[in-house]
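Colleague: This is the structure I have questions about; it appears just below.
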Amino acid sequence: MQADIDFSHFLKRAGAGLVQLDLAVEGINCAGCMGKIERNLSSIPDVTSARVNLTENRLALEWKAGALDPALFVKRLAELGYRAYPFQRDNAETLEAERAQSLLRRLGVAAFAAMNVMMLSIPVWSGNVSDMLPEQRDFFHWLSALIVLPAAAYCAQPFFSSAFAALRARGANMDVPISIGILLALVTSVIETIGHAEHAYFDAAIMLIAFLLAGRYLDQNMRRRTRAFASNLAALKAETAAKFISPTEIRTVPVAAIKPGDIVLVRPGECCTVDGNVIEGSSEVDQSLVTGETLPAIAAPGSAVFAGTLVRSGTLRVRAATASDGTLLAEISRLLDHALQARSRYLRLAERASRLYAPIVHTTAFLTMLGWLAFGATFHDSVVTAIAVLIITCPCSLGLAIPAVQTVASGALFRSGVLLNAGDAIERIAEVDRVIFDKTGTLTLPELDVANLAAIPDDVIKLAGRLALSSRHPIAAAVVRAAGASEPLADIEEEPGWGVHGCYEGAPIRLGHASFCGADSLADEILCRDPEASVVAFSHGDARHVFAIRQRIRPDAAEVVAGLARLGIMVEIVSGDREPAVRRAAETLGIIKWRANVSPMDKVARIEGLTSQGYKVLMVGDGLNDAPALAAAYASMSPVTATHMSQAVADAVFLGQRLGPVMTAVRGSRWALRLMRQNLWLAVVYNVLAVPIAIAGLVTPLIAAAAMSGSSVLVMLNALRARRSEAA
């Protein structure tokens, strides 16, 4: 059936000669399923990665381009007992809603049948200790069978189908012992009824199914909630855009059809579909989800806007720089997916425990039955006790303990402006006890400002800004921003390494190096007063002016440094910048330890030195020269304005102009790690207490089902506490 799918529409380039495909996989219920799928598909030659997202039942595959037919993966999954098809978020949400409705219907039928059978069981229970005739008791038993058997065949179908698929693939999952327990309870009850026995367990069997369905339904709804906390990006990704096909005519086209340079129209109340620059119009825009800034920004000609930006008032014409999968929003989504699909050491521990589950629990149940028979119990009582063992030891809570916290915590951190880029980032960030900051672009804002703007005449800065539009140098960009320039001068040439020049109103005009503009003496005066600044000179005819360019420290940097100190974390600056600039930043922020004029290898050496002393270092940097240090550190973060290399190496990326997300990441990760450990202990303690009680015959299959479902729900509820990303 899958052979007709053209997978080429769903393949994505993953770089370095790799392609990626996301598949929706039906029937993934636990960490055991995840491990089985990942191990099997990872063993295929040329497959570089196979990761399952339990929350979305999504499999992310990556392999060498041109080496494999994607249909092979669907076939292999079918052999393992799972149905798979290309993942599309809207379709996945629809299917999840349909599954939830199906579980709810089956739960309703099971509950209705259980209520009716309970009404029949009450007189049987009372009659067995009074004067009920055997014929009357048998009649009630057969009537109960008439209600329960068809109800069980319908209501237990999710467990039976999953177990049958696993057995057909010569494997086992958590639904195998559950199905065995249900079938044993039903078969034993029928045999007891045929044999005119006093006891039958139709009521317990249908109540067991009802409890299992209730647990499965609650589990699925909890997962849908955690998925909602993890990301709400899909709602921002519009499928179409209003593209100008002529200066006056627009046409609605798919976002995938937008190319760099195309002009799109964004109306009030709409989300921008591309990354680009405003060329006409002005509006207040909400960029909170993309940049982390909560206050509305003003978008005007020359302003950069991103996909996912909500336009509040006026209409904008935007020239696309990137669209579809190339946008910042798409990159955010990929970072989040990558973090959720990756594996932490706690999750690997839970997976290994879940893999051991099937052989251990079946052996335990069989030995329990033999033990009870050896001690003189009836075959009936021995089987019932074995059924309780099979059900109560289901590893649902263990399988959900870590992924649930990871998913909720990742979503909470995302809403606070932190994007995780590694599966174990939460655990490592939680354990750091030393933070090293780069200065330029990290403690300071990435964009340069004109520090002496007040001393420059308005007409001069405006003219200099128009001239600066012809240069790509970041210092020239600072002059453009200060001037608010949008109309470049004509016939301007650039001399690499020196600046730009031309002619305006009959006089030569220049912007660039002080010597290039004949302003060395003015530049020396500026540097004497402000040794941290960089300078750019401007000349028009005989007039000479020098702009002092400097980066501003992030507005909340001092507060973050103080907050880290309160958490017992030492902070230092290790920067390649000049000593006066680094000293001033350290003094402003109250940081005692700092180093300037440091090379990339010196940064790595400093981190390795601290590591050898037993410190766990969090490196926060943004430049290409910081990439080796980010990789060498125990954990690492970079701002969203960092180079692609630094973002790729970092364990987390933070958005916006504030440094607060670094503090949030540390506090939120410590809180999430605490919840992970709590969940593991909850799962372990549950099994340590429940299994001996079940082996001792102190619980019925019905109570076992209630306990198993309750443990899973308890773990999920505890995981939802990770929504508080800044909990101490």
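Within each chain, counting starts at residue 1; across the structure tokens, chains are named A, B, ... in the order shown, with ligands numbered 1 upward in that order.
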Tell me which protein, DNA and RNA residues are within 8 Å of Arg595 (chain A), counting only C-alpha atoms, leaving out same-chain ones fewer than 3 positions away, and put them as an mmCIF file with N, CA, C and O atoms, in the first residue's frame.
Modeller:
data_model
loop_
_atom_site.group_PDB
_atom_site.id
_atom_site.type_symbol
_atom_site.label_atom_id
_atom_site.label_comp_id
_atom_site.auth_asym_id
_atom_site.auth_seq_id
_atom_site.Cartn_x
_atom_site.Cartn_y
_atom_site.Cartn_z
ATOM 1 N N ILE A 573 35.205 35.998 32.540
ATOM 2 C CA ILE A 573 35.212 36.402 31.134
ATOM 3 C C ILE A 573 36.526 35.945 30.520
ATOM 4 O O ILE A 573 37.601 36.206 31.075
ATOM 5 N N VAL A 574 36.443 35.267 29.381
ATOM 6 C CA VAL A 574 37.629 34.901 28.606
ATOM 7 C C VAL A 574 37.364 35.382 27.189
ATOM 8 O O VAL A 574 36.530 34.824 26.478
ATOM 9 N N SER A 575 38.058 36.440 26.776
ATOM 10 C CA SER A 575 37.721 37.112 25.524
ATOM 11 C C SER A 575 38.968 37.401 24.702
ATOM 12 O O SER A 575 40.063 37.609 25.246
ATOM 13 N N GLU A 579 42.274 44.520 26.100
ATOM 14 C CA GLU A 579 42.233 44.537 27.562
ATOM 15 C C GLU A 579 41.349 45.641 28.137
ATOM 16 O O GLU A 579 40.559 45.382 29.056
ATOM 17 N N VAL A 582 37.655 44.596 27.871
ATOM 18 C CA VAL A 582 37.305 43.464 28.741
ATOM 19 C C VAL A 582 37.293 43.900 30.195
ATOM 20 O O VAL A 582 36.419 43.518 30.978
ATOM 21 N N VAL A 598 42.794 36.753 24.276
ATOM 22 C CA VAL A 598 42.922 35.297 24.366
ATOM 23 C C VAL A 598 42.640 34.677 23.003
ATOM 24 O O VAL A 598 41.640 35.003 22.354
#
Colleague: Please identify all polymer residues within 10 Å of Ala586 (chain A), counting only C-alpha atoms, omitting same-chain residues fewer than 2 positions from it, and present them as a ChimeraX atom specification.
Modeller: /A:439,443,558,572-573,580-584,588-595
Colleague: Of the candidates A:Cys33, A:Ile250, A:Ala483, A:Val109, which shows the shortest atom-to-atom distance to Arg51 (chain A), using only C-alpha atoms?
Modeller: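 Looking only at the distances to Arg51 (chain A), the closest residue turns out to be A:Cys33.
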Colleague: Tell me, in Å to one decimal, how far CA of Met601 (chain A) is from CA of Val435 (chain A).
Modeller: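 One can read the CA of Met601 (chain A) to CA of Val435 (chain A) distance as 17.7 Å.
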Colleague: In region 483-575 of chain A, what's helix (DSSP H, G or I) per DSSP? Answer as a PyMOL selection string?
Modeller: chain A and resi 483+514-517+520-529+557-566
Colleague: Point out the residue among A:Arg267, A:Lys36, A:Lys616, A:Arg578 with the least atom-to-atom distance to Thr309 (chain A), counting only C-alpha atoms.
Modeller: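 Among the listed residues, the smallest separation from Thr309 (chain A) belongs to A:Arg267.
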Colleague: Quick one: pick out all strand (DSSP E) residues within region 618-711 of chain A from a backbone DSSP run and write them as a list in words.
Modeller: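 Matching residues for strand (DSSP E) in region 618-711 of chain A are Leu618, Met619, Val620, Ala635, Ser636, Met637, Ser638, Pro639, Ala652, Val653 and Phe654 of chain A.
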Colleague: Between CA of Ala409 (chain A) and CA of Gly660 (chain A), what is the distance in Å, rounded to a tenth?
Modeller: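 Separation between CA of Ala409 (chain A) and CA of Gly660 (chain A): 16.8 Å.
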Colleague: With distances taken over only C-alpha atoms, which of A:Val662, A:Ala485, A:Leu448, A:Ala476 is nearest to Ile429 (chain A)?
Modeller: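 For Ile429 (chain A), the nearest of the candidates is A:Val662.
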